[in-house]
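**Student:** Sharing a structure with you now.
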Amino acid sequence: MNELERSILGTDDRDAVWRQLCPEAVECFAFELSVGAVFGLVVRGGDRVALKVHRGATAERLAAIQEVQEHLWRYGFPCPRPLGVRGHATLEEWRDDGARQDAHDPEARRRLAQLLIRLMRLTRNVRPTADLQPFFPRAGGPLWPAPHSVFVDFDATAEGAEWIDEIAAAARAQRDRGGGDIVVAHHDWTAKHVRWAGIKPTVVYDWDSMSVGFEPVFVGEAAAHFTWDVEPLPSVDEALMFIADYERARPSPFTREEQATAAAAAVYRRAYTTRCVHALGGDTAELQLPEYALALLQ
């Protein structure tokens with residue numbers, strides 16, 4: 001844990017980090033590590049805020065993300081209100097109301113798909129001041145993005161992963177032949193990042209996953225992982241049903257080309273997860289990537 005903490009914070013002294021980045025804070029009541037580090041802080045006056053430290057993000061990108069988040073918040077989307085950028089960190093109101101749902105449940109899956117289209121409708125005319133590049137590279141660049149974890153090294157674990165790379169390359173080629181509307185959306189759309197009160201979404205987290213890209217690609221990436229972090233990951237049928245749920249919430253369904261793009265994006269995303277599991281020495285067979293690709297790639 002210390003290595004992960006140091007990779008994000010640059011130090012083992014987490015108290016020094018939040019005191020420096022948020023000097024108006026008087027207490028830290030929560031701390032969590034994942035891709036970034038999140039502090040729950042009490043500021044003078046008693047309000048609670050979330051301070052998130054981002055590994056590798058520029059202040060310009062974080063400011064653009066908060067522009068979009070502010071727009072969503074003002075239009076009633078259930079995201080925390082953004083409160084500013086502090087160097088490589090962001091500040092937002094603390095929101096923990098509601099509960100997570102198991103998206104293997106068909107109704108929870110439908111609500112998650114409908115919430116995604118609501119997000120894309122609200123951001124359709126938003127043009128942030130800084131570029132929000134997608135996390136996953138397009139054709140012409142490297143096959144894989146820089147791994148999201150300090151513990152994952154794709155170069156050092158390339159041996160034995162050739163079959164994963166082959167499937168990913170085929171999926172990316174099909175994904176990038178397609179298209180669709182260019183939108184601003186959330187590329188880590190999973191049940192883990194959404195809380196609910198009954199059928200009403202109360203809060204959506206992880207806004208550093210905001211980027212610009214083709215609508216079917218965002219939908220396909222979500223279809224591959226929307227149940228996270230309740231095992232197993234979505235089956236082929238669940239992935240296709242998520243895409244269908246999303247299409248039913250649109251004014252019109254995807255074209256055949258857009259459907260193929262979404263399916264290929266799902267395969268590439270599953271391949272990335274499989275590559276991470278391989279790099280960590282895990283059991284890649286559990287992810288059933290060959291069967292997944294055979295069913296979804298055209």
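In the structure tokens, the first chain shown is A, the next is B, and so on; residue numbers restart at 1 for each chain, and ligands run from 1 in the order shown.
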Excluding Asp102 of chain A and its own-chain neighbours fewer than 4 positions away, which residues fall within 7 Å of it when counting only C-alpha atoms? Please give them as a PyMOL selection string.
**Tutor:** chain A and resi 108+227+230
**Student:** For Glu24 of chain A, please output as a list in words all residues within 8 Å (counting only C-alpha atoms; exclusion window: fewer than 3 positions along the same chain).
**Tutor:**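 Returned residues: Arg19, Val43 and Arg44 of chain A.
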**Student:** Would you save the residues of that selection, restricted to N, CA and C atoms, as an mmCIF file, in the first residue's frame?
**Tutor:**
data_model
loop_
_atom_site.group_PDB
_atom_site.id
_atom_site.type_symbol
_atom_site.label_atom_id
_atom_site.label_comp_id
_atom_site.auth_asym_id
_atom_site.auth_seq_id
_atom_site.Cartn_x
_atom_site.Cartn_y
_atom_site.Cartn_z
ATOM 1 N N ARG A 19 -3.325 18.846 4.133
ATOM 2 C CA ARG A 19 -3.163 20.153 4.774
ATOM 3 C C ARG A 19 -2.585 21.183 3.788
ATOM 4 N N VAL A 43 -14.063 21.272 6.509
ATOM 5 C CA VAL A 43 -13.436 22.589 6.412
ATOM 6 C C VAL A 43 -14.015 23.508 7.478
ATOM 7 N N ARG A 44 -13.341 24.629 7.677
ATOM 8 C CA ARG A 44 -13.828 25.595 8.659
ATOM 9 C C ARG A 44 -15.256 26.007 8.320
#
**Student:** At a cut-off of 7 Å, can you tabulate as a Markdown table every residue of segment 68-173 of chain A near segment 201-223 of chain A together with its closest atom pair and the distance in Å to one decimal, using only C-alpha atoms and ordering rows by chain then number?
**Tutor:**
| residue | atom | partner | partner_atom | distance |
| --- | --- | --- | --- | --- |
| A:Pro78 | CA | A:Val203 | CA | 4.6 |
| A:Cys79 | CA | A:Val204 | CA | 5.1 |
| A:Pro80 | CA | A:Val203 | CA | 6.8 |
| A:Arg95 | CA | A:Val203 | CA | 6.8 |
| A:Asp97 | CA | A:Thr202 | CA | 6.4 |
| A:Gly98 | CA | A:Thr202 | CA | 5.9 |
| A:Leu132 | CA | A:Ser211 | CA | 4.6 |
| A:Gln133 | CA | A:Ser211 | CA | 5.5 |
| A:Pro134 | CA | A:Ser211 | CA | 5.0 |
**Student:** Show me, as a ChimeraX atom specification, the residues that have an atom within 9 Å of Leu116 of chain A when counting only C-alpha atoms, minus same-chain residues fewer than 5 positions from it.
**Tutor:** /A:111,121,185-186,189,219,246
**Student:** Can you tell me how far atom CA of Trp228 of chain A sits from atom CA of Ala295 of chain A, in Å to one decimal?
**Tutor:**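 The value is 21.1 Å.
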**Student:** Extract, using only C-alpha atoms, all DNA, RNA and protein residues at most 12 Å from Thr90 of chain A, discarding same-chain residues fewer than 5 positions from it, and format them as JSON, numbers by chain.
**Tutor:** {"A": [18, 21, 22, 36, 37, 38, 39, 49, 50, 51, 52, 53, 54, 55, 57, 58, 59, 60, 61, 62, 63, 64, 65, 66, 67, 69, 80, 81, 82, 83, 84, 85, 206, 207, 208]}
**Student:** Could you write out the selected residues, including N, CA and C atoms, as a compact mmCIF listing (two decimals), in the first residue's frame?
**Tutor:**
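What ended up in selection_31.txt:
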# COMPACT_ATOMS: atom_id res chain seq x y z
N TRP A 18 -3.06 16.65 2.46
CA TRP A 18 -4.34 17.35 2.49
C TRP A 18 -4.23 18.72 3.16
N LEU A 21 -2.84 20.99 0.30
CA LEU A 21 -3.74 21.22 -0.82
C LEU A 21 -5.06 21.88 -0.40
N CYS A 22 -5.44 21.67 0.84
CA CYS A 22 -6.70 22.25 1.32
C CYS A 22 -6.47 22.85 2.71
N GLY A 36 -6.58 7.04 -7.97
CA GLY A 36 -6.16 8.26 -7.29
C GLY A 36 -6.34 8.10 -5.80
N ALA A 37 -6.21 9.19 -5.09
CA ALA A 37 -6.43 9.18 -3.64
C ALA A 37 -7.52 10.17 -3.30
N VAL A 38 -8.46 9.77 -2.46
CA VAL A 38 -9.58 10.62 -2.06
C VAL A 38 -9.54 10.85 -0.56
N PHE A 39 -9.57 12.11 -0.16
CA PHE A 39 -9.66 12.49 1.25
C PHE A 39 -11.06 13.05 1.51
N VAL A 49 -16.04 18.14 2.40
CA VAL A 49 -15.63 18.18 1.00
C VAL A 49 -14.79 16.94 0.69
N ALA A 50 -14.71 16.64 -0.61
CA ALA A 50 -13.85 15.56 -1.08
C ALA A 50 -12.67 16.17 -1.83
N LEU A 51 -11.47 15.82 -1.42
CA LEU A 51 -10.25 16.23 -2.11
C LEU A 51 -9.70 15.00 -2.81
N LYS A 52 -9.61 15.05 -4.14
CA LYS A 52 -9.09 13.91 -4.89
C LYS A 52 -7.78 14.27 -5.55
N VAL A 53 -6.74 13.49 -5.27
CA VAL A 53 -5.42 13.68 -5.87
C VAL A 53 -5.31 12.74 -7.06
N HIS A 54 -4.97 13.29 -8.22
CA HIS A 54 -4.96 12.55 -9.48
C HIS A 54 -3.53 12.29 -9.92
N ARG A 55 -3.23 11.06 -10.25
CA ARG A 55 -1.88 10.72 -10.72
C ARG A 55 -1.76 11.03 -12.20
N ALA A 57 -2.46 13.74 -14.01
CA ALA A 57 -3.39 14.67 -14.66
C ALA A 57 -2.87 16.10 -14.56
N THR A 58 -3.05 16.88 -15.62
CA THR A 58 -2.64 18.28 -15.60
C THR A 58 -3.75 19.15 -15.00
N ALA A 59 -3.36 20.31 -14.51
CA ALA A 59 -4.34 21.25 -13.97
C ALA A 59 -5.32 21.69 -15.04
N GLU A 60 -4.85 21.81 -16.29
CA GLU A 60 -5.72 22.23 -17.39
C GLU A 60 -6.80 21.19 -17.65
N ARG A 61 -6.43 19.92 -17.67
CA ARG A 61 -7.42 18.86 -17.88
C ARG A 61 -8.42 18.82 -16.72
N LEU A 62 -7.92 18.93 -15.51
CA LEU A 62 -8.82 18.88 -14.34
C LEU A 62 -9.79 20.06 -14.35
N ALA A 63 -9.32 21.23 -14.79
CA ALA A 63 -10.20 22.40 -14.86
C ALA A 63 -11.29 22.18 -15.91
N ALA A 64 -10.92 21.55 -17.05
CA ALA A 64 -11.92 21.27 -18.09
C ALA A 64 -12.95 20.27 -17.59
N ILE A 65 -12.51 19.28 -16.85
CA ILE A 65 -13.45 18.31 -16.28
C ILE A 65 -14.43 19.01 -15.34
N GLN A 66 -13.91 19.91 -14.52
CA GLN A 66 -14.80 20.61 -13.59
C GLN A 66 -15.76 21.55 -14.32
N GLU A 67 -15.37 22.07 -15.48
CA GLU A 67 -16.30 22.85 -16.28
C GLU A 67 -17.52 22.00 -16.66
N GLN A 69 -18.47 19.17 -15.26
CA GLN A 69 -19.16 18.75 -14.03
C GLN A 69 -20.06 19.88 -13.50
N PRO A 80 -21.47 15.46 -7.69
CA PRO A 80 -21.10 16.44 -6.66
C PRO A 80 -20.78 17.79 -7.29
N ARG A 81 -21.09 18.85 -6.59
CA ARG A 81 -20.75 20.17 -7.10
C ARG A 81 -19.24 20.37 -7.06
N PRO A 82 -18.62 20.73 -8.19
CA PRO A 82 -17.17 20.95 -8.17
C PRO A 82 -16.82 22.24 -7.46
N LEU A 83 -15.68 22.23 -6.77
CA LEU A 83 -15.29 23.37 -5.94
C LEU A 83 -13.90 23.90 -6.27
N GLY A 84 -13.33 23.44 -7.40
CA GLY A 84 -12.06 24.03 -7.82
C GLY A 84 -10.94 23.02 -7.96
N VAL A 85 -9.87 23.49 -8.59
CA VAL A 85 -8.67 22.69 -8.84
C VAL A 85 -7.55 23.20 -7.94
N ASP A 206 -16.29 9.68 -9.77
CA ASP A 206 -15.16 9.35 -10.66
C ASP A 206 -15.14 10.24 -11.90
N TRP A 207 -15.25 11.54 -11.72
CA TRP A 207 -15.34 12.42 -12.87
C TRP A 207 -14.02 12.68 -13.57
N ASP A 208 -12.90 12.20 -13.01
CA ASP A 208 -11.66 12.28 -13.77
C ASP A 208 -11.67 11.30 -14.93
**Student:** Taking the DSSP assignment computed from this structure's backbone, write out as a PyMOL selection string all residues of segment 13-61 of chain A that belong to helix (DSSP H, G or I).
**Tutor:** chain A and resi 14-21+59-61
**Student:** Pull N, CA and C atoms from the residues just selected and write them as a short mmCIF file (atom, residue, chain, number, x, y, z; two decimals), in the first residue's frame.
**Tutor:**
data_model
loop_
_atom_site.label_atom_id
_atom_site.label_comp_id
_atom_site.auth_asym_id
_atom_site.auth_seq_id
_atom_site.Cartn_x
_atom_site.Cartn_y
_atom_site.Cartn_z
N ARG A 14 0.36 11.37 4.42
CA ARG A 14 -0.89 11.79 3.79
C ARG A 14 -1.48 13.04 4.44
N ASP A 15 -1.27 13.20 5.75
CA ASP A 15 -1.79 14.39 6.43
C ASP A 15 -1.17 15.67 5.86
N ALA A 16 0.12 15.60 5.55
CA ALA A 16 0.79 16.77 4.98
C ALA A 16 0.19 17.13 3.62
N VAL A 17 -0.25 16.11 2.88
CA VAL A 17 -0.81 16.35 1.54
C VAL A 17 -2.11 17.13 1.64
N TRP A 18 -3.06 16.65 2.46
CA TRP A 18 -4.34 17.35 2.49
C TRP A 18 -4.23 18.72 3.16
N ARG A 19 -3.32 18.85 4.13
CA ARG A 19 -3.16 20.15 4.77
C ARG A 19 -2.58 21.18 3.79
N GLN A 20 -1.70 20.72 2.90
CA GLN A 20 -1.11 21.63 1.93
C GLN A 20 -2.11 21.99 0.82
N LEU A 21 -2.84 20.99 0.30
CA LEU A 21 -3.74 21.22 -0.82
C LEU A 21 -5.06 21.88 -0.40
N ALA A 59 -3.36 20.31 -14.51
CA ALA A 59 -4.34 21.25 -13.97
C ALA A 59 -5.32 21.69 -15.04
N GLU A 60 -4.85 21.81 -16.29
CA GLU A 60 -5.72 22.23 -17.39
C GLU A 60 -6.80 21.19 -17.65
N ARG A 61 -6.43 19.92 -17.67
CA ARG A 61 -7.42 18.86 -17.88
C ARG A 61 -8.42 18.82 -16.72
#
**Student:** For segment 170-175 of chain A, work out the shell of residues within 6 Å, counting only C-alpha atoms and skipping chain neighbours fewer than 6 positions away, then give it as a list in words.
**Tutor:** Thr261, Ala264, Ala265 and Tyr268 of chain A
**Student:** Any idea what's packed within 10 Å of Val277 of chain A, counting only C-alpha atoms, ignoring anything in its chain fewer than 6 positions away? Could you give it as a ChimeraX atom specification?
**Tutor:** /A:152,271,283-287
**Student:** Keeping only all heavy atoms, write the selected residues as a CSV table (one decimal), in the first residue's frame.
**Tutor:**
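New file selection-v7.csv:
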chain,number,residue,atom,x,y,z
A,152,VAL,N,1.0,-2.6,-12.5
A,152,VAL,CA,0.8,-3.2,-13.8
A,152,VAL,C,1.9,-2.8,-14.7
A,152,VAL,O,2.0,-1.6,-15.0
A,152,VAL,CB,-0.6,-3.0,-14.3
A,152,VAL,CG1,-0.7,-3.5,-15.8
A,152,VAL,CG2,-1.6,-3.5,-13.4
A,271,ALA,N,-10.5,-6.9,-23.2
A,271,ALA,CA,-9.1,-7.3,-23.5
A,271,ALA,C,-8.1,-6.6,-22.6
A,271,ALA,O,-7.1,-7.1,-22.1
A,271,ALA,CB,-8.7,-7.1,-24.9
A,283,ASP,N,-5.7,-15.3,-13.2
A,283,ASP,CA,-6.3,-16.3,-14.0
A,283,ASP,C,-7.1,-15.6,-15.1
A,283,ASP,O,-8.2,-15.2,-14.9
A,283,ASP,CB,-7.2,-17.2,-13.2
A,283,ASP,CG,-7.8,-18.4,-14.1
A,283,ASP,OD1,-7.4,-18.5,-15.3
A,283,ASP,OD2,-8.6,-19.1,-13.5
A,284,THR,N,-6.5,-15.5,-16.3
A,284,THR,CA,-7.2,-14.9,-17.4
A,284,THR,C,-8.3,-15.7,-18.0
A,284,THR,O,-9.2,-15.1,-18.6
A,284,THR,CB,-6.2,-14.6,-18.6
A,284,THR,OG1,-5.6,-15.8,-19.0
A,284,THR,CG2,-5.1,-13.6,-18.1
A,285,ALA,N,-8.3,-17.0,-17.7
A,285,ALA,CA,-9.4,-17.8,-18.2
A,285,ALA,C,-10.8,-17.4,-17.7
A,285,ALA,O,-11.8,-17.6,-18.4
A,285,ALA,CB,-9.1,-19.3,-17.9
A,286,GLU,N,-10.8,-16.9,-16.5
A,286,GLU,CA,-12.1,-16.5,-15.9
A,286,GLU,C,-12.8,-15.4,-16.7
A,286,GLU,O,-14.0,-15.3,-16.6
A,286,GLU,CB,-11.9,-16.1,-14.4
A,286,GLU,CG,-11.4,-17.2,-13.5
A,286,GLU,CD,-11.3,-16.7,-12.1
A,286,GLU,OE1,-11.5,-15.4,-11.9
A,286,GLU,OE2,-11.0,-17.5,-11.2
A,287,LEU,N,-12.0,-14.6,-17.4
A,287,LEU,CA,-12.6,-13.5,-18.2
A,287,LEU,C,-13.2,-13.9,-19.5
A,287,LEU,O,-13.9,-13.2,-20.2
A,287,LEU,CB,-11.6,-12.4,-18.3
A,287,LEU,CG,-11.2,-11.7,-17.0
A,287,LEU,CD1,-10.0,-10.8,-17.3
A,287,LEU,CD2,-12.3,-10.9,-16.5
**Student:** Pick from A:Val68, A:Ala30, A:Arg100, A:Ser252: nearest to Asp131 of chain A, with only C-alpha atoms counted?
**Tutor:** A:Val68
**Student:** Could you pull out the strand (DSSP E or B) residues of segment 89-241 of chain A from DSSP and send them as a ChimeraX atom specification?
**Tutor:** /A:89-93,99,182-186,194-197,200-204,210-214
